[in-house]
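work.cif, holding mmCIF, C-alpha atoms and all ligand atoms:
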data_input
#
loop_
_atom_site.label_atom_id
_atom_site.label_comp_id
_atom_site.auth_asym_id
_atom_site.auth_seq_id
_atom_site.Cartn_x
_atom_site.Cartn_y
_atom_site.Cartn_z
CA MET A 186 -13.83 18.61 -36.18
CA ARG A 187 -10.16 17.69 -36.42
CA ARG A 188 -8.79 16.63 -33.03
CA ILE A 189 -5.15 16.91 -32.01
CA TYR A 190 -3.78 15.39 -28.83
CA LEU A 191 -0.76 17.18 -27.36
CA ASP A 192 -1.05 16.01 -23.75
CA HIS A 193 1.09 12.87 -23.78
CA ALA A 194 2.73 13.80 -20.46
CA ALA A 195 -0.71 13.33 -18.87
CA THR A 196 -1.35 10.03 -20.59
CA THR A 197 -0.83 8.26 -23.92
CA PRO A 198 -3.20 6.24 -26.08
CA LEU A 199 -2.98 2.47 -25.67
CA ASP A 200 -0.87 0.98 -28.46
CA PRO A 201 -2.96 -1.54 -30.47
CA GLU A 202 -0.19 -4.13 -29.99
CA VAL A 203 -0.44 -3.60 -26.24
CA LEU A 204 -4.20 -4.11 -26.35
CA ASP A 205 -3.75 -7.31 -28.39
CA ALA A 206 -1.27 -8.61 -25.83
CA MET A 207 -3.64 -7.83 -22.95
CA LEU A 208 -6.95 -9.13 -24.32
CA PRO A 209 -6.29 -12.87 -23.85
CA TYR A 210 -5.66 -12.20 -20.15
CA LEU A 211 -8.99 -10.42 -19.78
CA ARG A 212 -10.97 -12.93 -21.86
CA ASP A 213 -9.46 -16.40 -21.71
CA HIS A 214 -6.53 -16.81 -19.35
CA PHE A 215 -8.20 -15.82 -16.11
CA GLY A 216 -6.17 -17.99 -13.72
CA ASN A 217 -4.80 -16.67 -10.45
CA PRO A 218 -1.00 -16.47 -10.83
CA SER A 219 -0.62 -17.93 -7.31
CA SER A 220 -2.55 -21.10 -8.24
CA VAL A 221 -0.52 -24.25 -8.76
CA HIS A 222 -2.67 -25.64 -11.62
CA SER A 223 -2.21 -24.90 -15.30
CA PHE A 224 -4.67 -21.95 -15.30
CA GLY A 225 -2.56 -20.26 -12.65
CA GLN A 226 0.71 -21.16 -14.32
CA ARG A 227 -0.38 -19.59 -17.58
CA ALA A 228 -0.95 -16.27 -15.81
CA ARG A 229 2.29 -16.65 -13.82
CA GLY A 230 4.21 -17.19 -17.06
CA ALA A 231 2.76 -14.00 -18.54
CA ILE A 232 3.78 -12.00 -15.48
CA ASP A 233 7.29 -13.44 -15.60
CA GLU A 234 7.59 -12.48 -19.25
CA ALA A 235 6.37 -8.92 -18.55
CA ARG A 236 8.81 -8.62 -15.66
CA ALA A 237 11.68 -9.60 -17.95
CA ARG A 238 10.62 -6.96 -20.49
CA VAL A 239 10.42 -4.16 -17.94
CA ALA A 240 13.71 -5.28 -16.38
CA SER A 241 15.36 -5.27 -19.80
CA LEU A 242 14.17 -1.72 -20.57
CA VAL A 243 15.80 -0.36 -17.39
CA GLY A 244 18.80 -2.68 -17.14
CA ALA A 245 17.58 -4.41 -13.96
CA ARG A 246 17.41 -8.05 -12.91
CA ASP A 247 13.93 -9.54 -13.17
CA SER A 248 13.80 -10.09 -9.39
CA GLU A 249 14.33 -6.33 -8.83
CA ILE A 250 11.03 -5.30 -10.48
CA VAL A 251 7.98 -4.95 -8.19
CA PHE A 252 4.67 -4.45 -10.00
CA THR A 253 2.34 -1.85 -8.45
CA GLY A 254 -1.08 -0.39 -9.21
CA SER A 255 0.37 2.89 -10.57
CA GLY A 256 3.38 5.16 -10.64
CA THR A 257 1.84 6.91 -7.64
CA GLU A 258 1.80 3.68 -5.66
CA ALA A 259 5.41 2.98 -6.61
CA ASP A 260 6.40 6.45 -5.32
CA ASN A 261 4.51 5.81 -2.07
CA LEU A 262 6.14 2.40 -1.67
CA ALA A 263 9.63 3.77 -2.29
CA ILE A 264 9.30 6.64 0.17
CA VAL A 265 7.29 5.12 3.00
CA GLY A 266 8.94 1.71 2.57
CA ALA A 267 12.50 3.08 2.64
CA LEU A 268 11.81 5.44 5.58
CA GLN A 269 10.16 2.73 7.66
CA ALA A 270 13.01 0.34 6.98
CA GLY A 271 15.63 3.04 7.62
CA ALA A 272 14.06 3.96 10.96
CA ALA A 273 14.20 0.31 12.04
CA THR A 274 17.95 -0.01 11.46
CA GLU A 275 20.56 0.53 14.12
CA ALA A 276 21.64 3.80 12.50
CA ALA A 277 17.99 5.00 12.82
CA ARG A 278 17.87 6.83 9.53
CA THR A 279 14.46 8.47 9.54
CA ASP A 280 14.54 11.46 7.24
CA LEU A 281 13.61 12.32 3.67
CA VAL A 282 15.23 14.82 1.33
CA THR A 283 13.40 15.63 -1.89
CA SER A 284 12.78 18.66 -4.11
CA THR A 285 10.13 21.34 -4.54
CA ILE A 286 9.30 20.29 -8.13
CA GLU A 287 8.43 16.62 -7.54
CA HIS A 288 5.13 15.20 -8.70
CA HIS A 289 2.36 15.24 -6.11
CA ALA A 290 2.78 11.47 -5.77
CA VAL A 291 6.07 12.28 -4.01
CA LEU A 292 5.24 15.66 -2.44
CA ASN A 293 1.97 14.59 -0.87
CA THR A 294 3.48 11.32 0.34
CA ALA A 295 6.18 13.42 2.02
CA ARG A 296 3.52 15.71 3.49
CA GLY A 297 1.62 12.70 4.86
CA LEU A 298 4.60 11.37 6.85
CA ASP A 299 4.42 11.51 10.62
CA ARG A 300 6.53 14.62 11.29
CA SER A 301 7.27 13.51 14.86
CA LYS A 302 9.20 10.59 13.38
CA HIS A 303 10.46 11.85 10.03
CA HIS A 304 12.04 15.16 9.10
CA VAL A 305 11.40 16.22 5.51
CA ALA A 306 13.55 18.72 3.59
CA LEU A 307 12.65 20.10 0.16
CA ALA A 308 15.62 21.33 -1.86
CA LYS A 309 14.92 24.41 -3.99
CA VAL A 310 15.45 24.60 -7.76
CA SER A 311 16.97 27.14 -10.14
CA ASP A 312 14.92 29.33 -12.47
CA ALA A 313 15.79 26.79 -15.18
CA GLY A 314 13.93 24.12 -13.20
CA VAL A 315 17.03 22.20 -12.08
CA VAL A 316 17.49 21.01 -8.50
CA ASP A 317 19.98 23.17 -6.59
CA LEU A 318 22.80 20.78 -5.65
CA HIS A 319 24.14 23.03 -2.87
CA ALA A 320 20.73 23.12 -1.22
CA LEU A 321 20.39 19.38 -1.67
CA ASP A 322 23.82 18.70 -0.20
CA ALA A 323 23.10 20.92 2.80
CA ALA A 324 19.82 19.10 3.45
CA ILE A 325 21.29 15.57 3.48
CA THR A 326 22.47 14.50 6.95
CA ALA A 327 23.52 11.32 8.74
CA ALA A 328 19.82 10.83 9.59
CA THR A 329 18.71 10.90 5.93
CA ALA A 330 17.25 7.54 4.95
CA LEU A 331 16.26 8.50 1.41
CA VAL A 332 16.94 11.15 -1.19
CA SER A 333 14.18 11.28 -3.82
CA VAL A 334 14.74 13.41 -6.92
CA MET A 335 12.79 12.93 -10.14
CA PHE A 336 14.47 11.96 -13.40
CA ALA A 337 12.59 14.44 -15.60
CA ASN A 338 9.98 16.96 -14.58
CA ASN A 339 6.44 16.36 -15.80
CA GLU A 340 5.66 20.04 -16.48
CA THR A 341 8.86 21.36 -18.05
CA GLY A 342 10.47 18.07 -19.13
CA VAL A 343 13.73 19.27 -17.54
CA LEU A 344 16.20 16.49 -16.71
CA GLN A 345 17.60 16.54 -13.20
CA PRO A 346 21.34 16.16 -12.41
CA LEU A 347 20.87 12.64 -11.14
CA SER A 348 24.51 11.54 -11.15
CA ASP A 349 25.37 14.46 -8.83
CA VAL A 350 22.35 13.72 -6.65
CA VAL A 351 23.49 10.10 -6.38
CA ARG A 352 27.04 11.13 -5.49
CA LEU A 353 25.83 13.48 -2.73
CA ALA A 354 23.40 10.96 -1.28
CA ARG A 355 25.92 8.10 -1.36
CA SER A 356 28.60 10.22 0.33
CA LYS A 357 26.29 10.39 3.34
CA GLY A 358 25.02 6.82 3.18
CA ALA A 359 21.43 7.58 2.10
CA LEU A 360 19.37 5.54 -0.35
CA ILE A 361 18.35 7.11 -3.66
CA HIS A 362 14.94 7.01 -5.33
CA THR A 363 14.11 8.56 -8.66
CA ASP A 364 10.64 9.00 -10.13
CA ALA A 365 11.38 8.19 -13.76
CA VAL A 366 7.76 8.15 -14.96
CA GLN A 367 8.42 10.93 -17.50
CA GLY A 368 11.82 9.62 -18.58
CA LEU A 369 10.89 6.03 -19.36
CA GLY A 370 10.83 5.31 -23.07
CA LYS A 371 12.29 8.72 -23.91
CA VAL A 372 15.78 8.53 -22.50
CA ARG A 373 17.91 5.44 -22.01
CA LEU A 374 17.42 4.53 -18.35
CA ASP A 375 19.92 2.07 -16.98
CA VAL A 376 19.64 1.49 -13.24
CA VAL A 377 23.19 0.18 -13.02
CA SER A 378 24.82 3.23 -14.58
CA LEU A 379 22.36 5.58 -12.85
CA ASP A 380 23.33 3.82 -9.60
CA VAL A 381 19.91 4.37 -7.98
CA ASP A 382 18.35 2.07 -5.36
CA LEU A 383 14.69 2.67 -6.23
CA MET A 384 13.09 3.87 -9.46
CA THR A 385 9.43 4.45 -10.33
CA VAL A 386 7.86 3.81 -13.73
CA SER A 387 4.28 3.85 -15.02
CA ALA A 388 2.66 2.05 -17.98
CA HIS A 389 0.22 4.67 -19.24
CA LYS A 390 2.90 7.21 -20.15
CA ILE A 391 4.43 4.76 -22.64
CA HIS A 392 1.27 3.64 -24.47
CA GLY A 393 0.44 1.01 -21.85
CA PRO A 394 -2.70 0.74 -19.69
CA LYS A 395 -3.60 2.98 -16.76
CA GLY A 396 -3.38 1.43 -13.31
CA ALA A 397 -0.12 -0.43 -13.87
CA GLY A 398 3.27 0.69 -12.61
CA ALA A 399 6.46 -0.74 -11.23
CA LEU A 400 9.17 0.04 -8.73
CA TYR A 401 12.74 -1.04 -9.37
CA VAL A 402 14.20 -2.12 -6.03
CA ARG A 403 17.92 -2.79 -6.15
CA SER A 404 18.70 -6.21 -4.73
CA GLY A 405 19.41 -5.94 -0.98
CA THR A 406 17.71 -2.52 -0.52
CA ARG A 407 16.00 -2.02 2.85
CA MET A 408 12.31 -1.44 2.19
CA THR A 409 9.17 -2.49 4.05
CA ALA A 410 5.93 -3.32 2.22
CA LEU A 411 3.01 -0.88 2.24
CA ILE A 412 0.28 -3.31 1.25
CA ARG A 413 0.28 -6.43 3.35
CA GLY A 414 -1.41 -9.74 2.71
CA GLY A 415 -0.20 -12.61 0.57
CA SER A 416 3.37 -13.15 -0.53
CA GLN A 417 2.96 -11.75 -4.05
CA GLU A 418 5.86 -9.75 -5.52
CA ARG A 419 8.28 -11.44 -3.07
CA ASN A 420 6.39 -10.00 -0.10
CA ARG A 421 6.93 -6.45 -1.33
CA ARG A 422 3.40 -5.80 -2.67
CA ALA A 423 0.56 -8.08 -1.60
CA GLY A 424 -2.62 -8.62 -3.61
CA THR A 425 -3.59 -10.78 -6.58
CA GLU A 426 -1.79 -9.29 -9.55
CA ASN A 427 -3.48 -7.22 -12.28
CA VAL A 428 -2.37 -9.76 -14.87
CA ALA A 429 -3.65 -7.97 -17.99
CA GLY A 430 -2.29 -4.63 -16.77
CA ILE A 431 1.11 -6.15 -16.09
CA VAL A 432 1.14 -7.85 -19.50
CA GLY A 433 0.29 -4.45 -21.01
CA LEU A 434 3.14 -2.76 -19.15
CA GLY A 435 5.52 -5.49 -20.36
CA LYS A 436 4.45 -5.12 -23.98
CA ALA A 437 4.61 -1.31 -23.80
CA ALA A 438 8.15 -1.61 -22.38
CA GLU A 439 9.17 -3.90 -25.21
CA LEU A 440 7.79 -1.48 -27.82
CA ALA A 441 9.42 1.50 -26.11
CA GLN A 442 12.78 -0.25 -26.19
CA ALA A 443 12.46 -1.02 -29.89
CA ARG A 444 11.25 2.45 -30.93
CA MET A 445 12.88 4.83 -28.49
CA VAL A 446 15.75 6.12 -30.59
CA GLN A 447 13.81 6.80 -33.76
CA ASP A 448 10.67 8.11 -31.98
CA THR A 449 12.65 10.48 -29.81
CA ARG A 450 14.60 12.02 -32.65
CA ARG A 451 11.45 12.66 -34.70
CA ILE A 452 9.41 14.00 -31.77
CA GLU A 453 12.18 16.32 -30.64
CA GLY A 454 12.23 17.89 -34.11
CA LEU A 455 8.49 18.47 -33.94
CA ARG A 456 8.61 19.90 -30.41
CA ASN A 457 11.34 22.33 -31.46
CA ARG A 458 9.40 23.29 -34.59
CA LEU A 459 6.34 24.08 -32.42
CA GLU A 460 8.30 26.17 -29.92
CA THR A 461 10.29 28.08 -32.51
CA ALA A 462 7.20 28.86 -34.59
CA LEU A 463 5.33 30.19 -31.54
CA ILE A 464 8.25 32.13 -30.05
CA GLU A 465 9.12 33.74 -33.40
CA GLY A 466 5.54 34.03 -34.65
CA ILE A 467 4.25 35.91 -31.60
CA PRO A 468 7.32 38.08 -30.97
CA GLY A 469 8.08 39.21 -27.43
CA ARG A 470 5.05 37.44 -26.00
CA VAL A 471 6.10 33.79 -25.68
CA THR A 472 8.74 32.51 -23.27
CA ARG A 473 10.04 28.98 -22.82
CA ASN A 474 9.93 27.73 -19.23
CA GLY A 475 12.85 25.67 -17.98
CA SER A 476 16.22 24.73 -19.41
CA GLU A 477 16.13 24.47 -23.19
CA ALA A 478 19.08 22.14 -23.51
CA ASN A 479 18.54 19.52 -20.87
CA ARG A 480 15.08 18.08 -21.24
CA ILE A 481 13.13 15.15 -22.61
CA ALA A 482 12.20 15.39 -26.29
CA THR A 483 8.44 15.29 -25.91
CA THR A 484 7.61 18.18 -23.60
CA GLY A 485 7.66 21.98 -23.83
CA SER A 486 6.30 24.53 -21.38
CA LEU A 487 5.60 28.01 -22.77
CA SER A 488 4.20 31.15 -21.16
CA PHE A 489 2.03 33.55 -23.15
CA LYS A 490 2.20 37.16 -22.04
CA GLY A 491 -1.11 38.87 -21.38
CA VAL A 492 -3.32 35.77 -21.56
CA SER A 493 -4.39 33.20 -19.00
CA GLY A 494 -3.22 29.65 -19.62
CA GLU A 495 -6.63 28.36 -18.51
CA ASP A 496 -8.42 30.56 -21.07
CA LEU A 497 -6.01 29.51 -23.78
CA LEU A 498 -6.46 25.83 -22.91
CA ILE A 499 -10.24 26.18 -23.19
CA ALA A 500 -10.00 28.09 -26.48
CA LEU A 501 -7.73 25.38 -27.90
CA ASP A 502 -9.99 22.61 -26.64
CA LEU A 503 -12.89 24.25 -28.49
CA ALA A 504 -10.66 24.20 -31.57
CA GLY A 505 -10.06 20.45 -31.06
CA ILE A 506 -6.55 20.69 -29.58
CA ALA A 507 -5.77 19.11 -26.19
CA VAL A 508 -2.96 20.63 -24.12
CA SER A 509 -2.47 21.19 -20.40
CA THR A 510 -1.75 24.01 -18.00
CA GLY A 511 0.43 21.77 -15.85
CA ALA A 512 0.17 18.46 -14.07
CA ALA A 513 -3.02 16.58 -14.94
CA CYS A 514 -3.56 15.85 -11.26
CA ALA A 515 -3.83 19.58 -10.63
CA ALA A 516 -6.20 20.21 -13.54
CA GLY A 517 -9.48 21.74 -12.50
CA SER A 518 -7.95 23.07 -9.32
CA PRO A 519 -7.37 26.82 -9.24
CA GLU A 520 -3.87 26.30 -7.80
CA PRO A 521 -1.17 27.59 -10.14
CA SER A 522 1.65 25.19 -11.09
CA HIS A 523 3.80 24.43 -8.04
CA VAL A 524 6.68 23.63 -10.38
CA LEU A 525 6.77 27.00 -12.15
CA LYS A 526 6.22 28.75 -8.81
CA ALA A 527 9.14 26.84 -7.29
CA MET A 528 11.29 28.02 -10.22
CA GLY A 529 10.57 31.56 -9.02
CA LEU A 530 8.73 32.63 -12.18
CA PRO A 531 6.56 35.75 -11.81
CA ARG A 532 2.88 35.11 -11.21
CA GLU A 533 1.87 36.41 -14.65
CA ARG A 534 4.20 33.94 -16.34
CA VAL A 535 2.95 31.05 -14.19
CA ASN A 536 -0.67 31.91 -14.94
CA GLY A 537 0.00 32.29 -18.65
CA SER A 538 1.69 28.90 -19.06
CA LEU A 539 0.76 25.92 -21.21
CA ARG A 540 2.38 22.51 -21.51
CA PHE A 541 2.56 20.89 -24.95
CA SER A 542 3.53 17.23 -24.85
CA LEU A 543 3.97 15.30 -28.07
CA GLY A 544 3.90 11.58 -28.73
CA ARG A 545 4.44 8.74 -31.15
CA SER A 546 1.45 9.68 -33.30
CA THR A 547 2.13 13.44 -33.51
CA THR A 548 2.66 14.68 -37.10
CA ALA A 549 4.26 17.80 -38.60
CA ASP A 550 0.89 18.75 -40.02
CA GLU A 551 -0.65 18.63 -36.53
CA ILE A 552 2.11 20.87 -35.23
CA ASP A 553 1.59 23.43 -37.99
CA HIS A 554 -2.16 23.41 -37.41
CA THR A 555 -1.56 23.89 -33.67
CA VAL A 556 0.74 26.87 -34.28
CA GLU A 557 -2.01 28.54 -36.33
CA ALA A 558 -4.67 27.76 -33.73
CA VAL A 559 -2.58 29.01 -30.80
CA THR A 560 -1.64 32.22 -32.63
CA LEU A 561 -5.28 32.89 -33.44
CA ALA A 562 -6.47 32.09 -29.90
CA VAL A 563 -3.81 34.34 -28.32
CA ASP A 564 -4.85 37.22 -30.63
CA GLN A 565 -8.53 36.73 -29.81
CA LEU A 566 -7.95 36.49 -26.07
CA ARG A 567 -5.76 39.58 -26.05
CA ALA A 568 -8.40 41.53 -27.97
CA ARG A 569 -11.04 40.60 -25.37
CA PRO A 570 -12.12 43.58 -23.26
N1 LIG A 601 5.30 10.80 -11.33
C1 LIG A 601 5.32 11.59 -12.41
C2 LIG A 601 6.53 12.40 -12.71
C3 LIG A 601 4.19 11.67 -13.23
O1 LIG A 601 4.21 12.48 -14.30
C4 LIG A 601 3.07 10.89 -12.90
C5 LIG A 601 1.84 10.99 -13.70
O2 LIG A 601 1.39 12.07 -14.06
C6 LIG A 601 3.12 10.06 -11.78
C7 LIG A 601 4.26 10.04 -11.01
C8 LIG A 601 1.96 9.22 -11.37
O3 LIG A 601 1.86 8.05 -12.15
P1 LIG A 601 0.45 7.32 -12.23
O4 LIG A 601 -0.44 8.17 -13.06
O5 LIG A 601 0.75 5.99 -12.86
O6 LIG A 601 -0.05 7.18 -10.84
#
Mind converting the file's structure to structure tokens?
Amino acid sequence: MRRIYLDHAATTPLDPEVLDAMLPYLRDHFGNPSSVHSFGQRARGAIDEARARVASLVGARDSEIVFTGSGTEADNLAIVGALQAGAATEAARTDLVTSTIEHHAVLNTARGLDRSKHHVALAKVSDAGVVDLHALDAAITAATALVSVMFANNETGVLQPLSDVVRLARSKGALIHTDAVQGLGKVRLDVVSLDVDLMTVSAHKIHGPKGAGALYVRSGTRMTALIRGGSQERNRRAGTENVAGIVGLGKAAELAQARMVQDTRRIEGLRNRLETALIEGIPGRVTRNGSEANRIATTGSLSFKGVSGEDLLIALDLAGIAVSTGAACAAGSPEPSHVLKAMGLPRERVNGSLRFSLGRSTTADEIDHTVEAVTLAVDQLRARP
């Protein structure tokens, strides 16, 4: 059976060039990067090179990149690390302001904070999936240590008004973190022009390996370490480094930088072709979720009237097509999408939603085949008693 993968927001296939770059560090160059001898120095050199590649992709200095075990860990480090450091300053900044549509890596980290020490405020979003700047502004106080707002949403792809978020946070002296996992490699991300203090990225969304991420930490930013032990990553993340994973992240960053402009233009055309064909081909029954104009090129969230997204996902999987009903982390759980709910969409629209996320290997033929398969599946599901 023909298989089509349209779930690149969940994860992407490893690029063969990334695998080739990683293999020597799994097979031959096994040294510990902290060792002084040549085995160690070989691994250290590879990490330094990867750091330079990631730094170059986001416009940072090499010393500002902290490698972590995932995007989730980078989010945890940014939030807990900045709040702990803020609480220890003379100004005693203890609080977090974030939004209702963040990834669970941010939301559940916020939920896990000790509420007797840290106040957490979640700013609401518009029905287009954009953070409400008035709500955000009202939530930021002199006690706010950190404002964390994602760069692009993982379910709708909608870009957040980061420059306004930064302006509001800075006017009250708070630090700014952005989870840019879904933006990396799709939109030019420059930490200097974005003017953020902390930024999360992850390797496996850009054709790198799973279990490798990084946090950009602007030089001089107050942040305590979460994982303590040795002095790796300049005392910001202890533990012997995942050398092959880091090399993979570095190579994936290099490839993303080289291919971003041409990949994005092509993929956006395909995503639009898919949406238009479904919206026009199944008239009155398909609605786009989130702002149409301001979003990353790869992702589209659609709601299908009168069918369940779960049922549609299963029907498409049986037809060889992989899509998602929302965040991968929530898959299998009966909970409807917290993002679409936070946008205030009616329950039927939330339950009837599917996320299509395209990638480097997606072809026009795959899109046309998917349109046919979705149309057929919707017809069959609606005809079911
Ligand atoms: N943040 C966002 C916006 C994501 O989409 C994801 C992955 O789905 C993560 C964080 C978590 O990254 P990782 O899978 O590397 O832990």
Task: Contacts to ligand LIG 601 (chain A) at 9 Å cut-off (all atoms listed in the file) as a PyMOL selection string - done: chain A and resi 194-196+254-260+287-291+335-340+364-368+385-390+395-399+512-514
TODO: Please provide as a ChimeraX atom specification all residues within 10 Å of Phe215 (chain A), with the sequence filter that same-chain residues fewer than 4 positions apart are discarded (counting all atoms listed in the file).
DONE: /A:209-211,224-225,227-228,428-429
Selection export as a PDB file, in the coordinates of the input, atoms kept: C-alpha atoms:
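Wrote part-v1.pdb, looks like this:
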ATOM      1  CA  PRO A 209      -6.290 -12.870 -23.850  1.00  0.00           C
ATOM      2  CA  TYR A 210      -5.660 -12.200 -20.150  1.00  0.00           C
ATOM      3  CA  LEU A 211      -8.990 -10.420 -19.780  1.00  0.00           C
ATOM      4  CA  PHE A 224      -4.670 -21.950 -15.300  1.00  0.00           C
ATOM      5  CA  GLY A 225      -2.560 -20.260 -12.650  1.00  0.00           C
ATOM      6  CA  ARG A 227      -0.380 -19.590 -17.580  1.00  0.00           C
ATOM      7  CA  ALA A 228      -0.950 -16.270 -15.810  1.00  0.00           C
ATOM      8  CA  VAL A 428      -2.370  -9.760 -14.870  1.00  0.00           C
ATOM      9  CA  ALA A 429      -3.650  -7.970 -17.990  1.00  0.00           C
TER      10      ALA A 429
END
- [ ] Excluding Ala295 (chain A) and residues on its chain fewer than 6 positions from it, collect all residues at most 8 Å away from it, counting all atoms listed in the file, and give them as a count of residues only.
- [x] 3
TODO: May I ask for the distance between CA of Glu439 (chain A) and CA of Pro346 (chain A), given in Å to one decimal place?
DONE: 26.7 Å
Close residues, Arg480 (chain A) itself excluded, 8 Å, all atoms listed in the file, min 2 positions apart in chain, as a PDB file with C-alpha atoms, in the frame of the given file:
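File out.pdb, as written:
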ATOM      1  CA  ALA A 337      12.590  14.440 -15.600  1.00  0.00           C
ATOM      2  CA  THR A 341       8.860  21.360 -18.050  1.00  0.00           C
ATOM      3  CA  GLY A 342      10.470  18.070 -19.130  1.00  0.00           C
ATOM      4  CA  VAL A 343      13.730  19.270 -17.540  1.00  0.00           C
ATOM      5  CA  LEU A 344      16.200  16.490 -16.710  1.00  0.00           C
ATOM      6  CA  SER A 476      16.220  24.730 -19.410  1.00  0.00           C
ATOM      7  CA  GLU A 477      16.130  24.470 -23.190  1.00  0.00           C
ATOM      8  CA  ALA A 478      19.080  22.140 -23.510  1.00  0.00           C
ATOM      9  CA  ALA A 482      12.200  15.390 -26.290  1.00  0.00           C
ATOM     10  CA  THR A 484       7.610  18.180 -23.600  1.00  0.00           C
TER      11      THR A 484
END
Open item on the list: Given only C-alpha atoms as the basis, pick out the residue of A:Leu487, A:Ala328, A:Ala549, A:Leu292 nearest to Leu463 (chain A).
Closed with: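 Result for the nearest residue to Leu463 (chain A): A:Leu487.
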TODO: Compile the contact shell of Asp247 (chain A) as a ChimeraX atom specification: residues with an atom at most 12 Å away, counting all atoms listed in the file, same-chain residues fewer than 6 positions apart removed.
DONE: /A:232-241,399-404,418-419,435
Got time to write the residues from that selection, C-alpha atoms, as a PDB file, in the frame of the given file?
ATOM      1  CA  ILE A 232       3.780 -12.000 -15.480  1.00  0.00           C
ATOM      2  CA  ASP A 233       7.290 -13.440 -15.600  1.00  0.00           C
ATOM      3  CA  GLU A 234       7.590 -12.480 -19.250  1.00  0.00           C
ATOM      4  CA  ALA A 235       6.370  -8.920 -18.550  1.00  0.00           C
ATOM      5  CA  ARG A 236       8.810  -8.620 -15.660  1.00  0.00           C
ATOM      6  CA  ALA A 237      11.680  -9.600 -17.950  1.00  0.00           C
ATOM      7  CA  ARG A 238      10.620  -6.960 -20.490  1.00  0.00           C
ATOM      8  CA  VAL A 239      10.420  -4.160 -17.940  1.00  0.00           C
ATOM      9  CA  ALA A 240      13.710  -5.280 -16.380  1.00  0.00           C
ATOM     10  CA  SER A 241      15.360  -5.270 -19.800  1.00  0.00           C
ATOM     11  CA  ALA A 399       6.460  -0.740 -11.230  1.00  0.00           C
ATOM     12  CA  LEU A 400       9.170   0.040  -8.730  1.00  0.00           C
ATOM     13  CA  TYR A 401      12.740  -1.040  -9.370  1.00  0.00           C
ATOM     14  CA  VAL A 402      14.200  -2.120  -6.030  1.00  0.00           C
ATOM     15  CA  ARG A 403      17.920  -2.790  -6.150  1.00  0.00           C
ATOM     16  CA  SER A 404      18.700  -6.210  -4.730  1.00  0.00           C
ATOM     17  CA  GLU A 418       5.860  -9.750  -5.520  1.00  0.00           C
ATOM     18  CA  ARG A 419       8.280 -11.440  -3.070  1.00  0.00           C
ATOM     19  CA  GLY A 435       5.520  -5.490 -20.360  1.00  0.00           C
TER      20      GLY A 435
END
Open item on the list: Counting all atoms listed in the file, which residues sit no farther than 10 Å from the position (9.5, 0.3, 4.7) in the file's frame? I'd like them as a list in words.
Closed with: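 Checked against the point, the hits come out as Leu262, Ala263, Ile264, Val265, Gly266, Ala267, Leu268, Gln269, Ala270, Gly271, Ala272, Ala273, Arg407, Met408, Thr409, Ala410, Leu411 and Arg421 of chain A.
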- [ ] For region 526-537 of chain A, work out the shell of residues within 8 Å, counting only C-alpha atoms and skipping chain neighbours fewer than 4 positions away, then give it as a PyMOL selection string.
- [x] chain A and resi 285-286+309-314+488-495+521-522
TODO: Work out how far CA of Val350 (chain A) is from CA of Gly454 (chain A), in Å to one decimal.
DONE: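 Separation between CA of Gly454 (chain A) and CA of Val350 (chain A): 29.6 Å.
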- [ ] Quote the spacing between CA of Ala276 (chain A) and CA of Lys302 (chain A) in Å to one decimal place.
- [x]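 So the answer is 14.2 Å.
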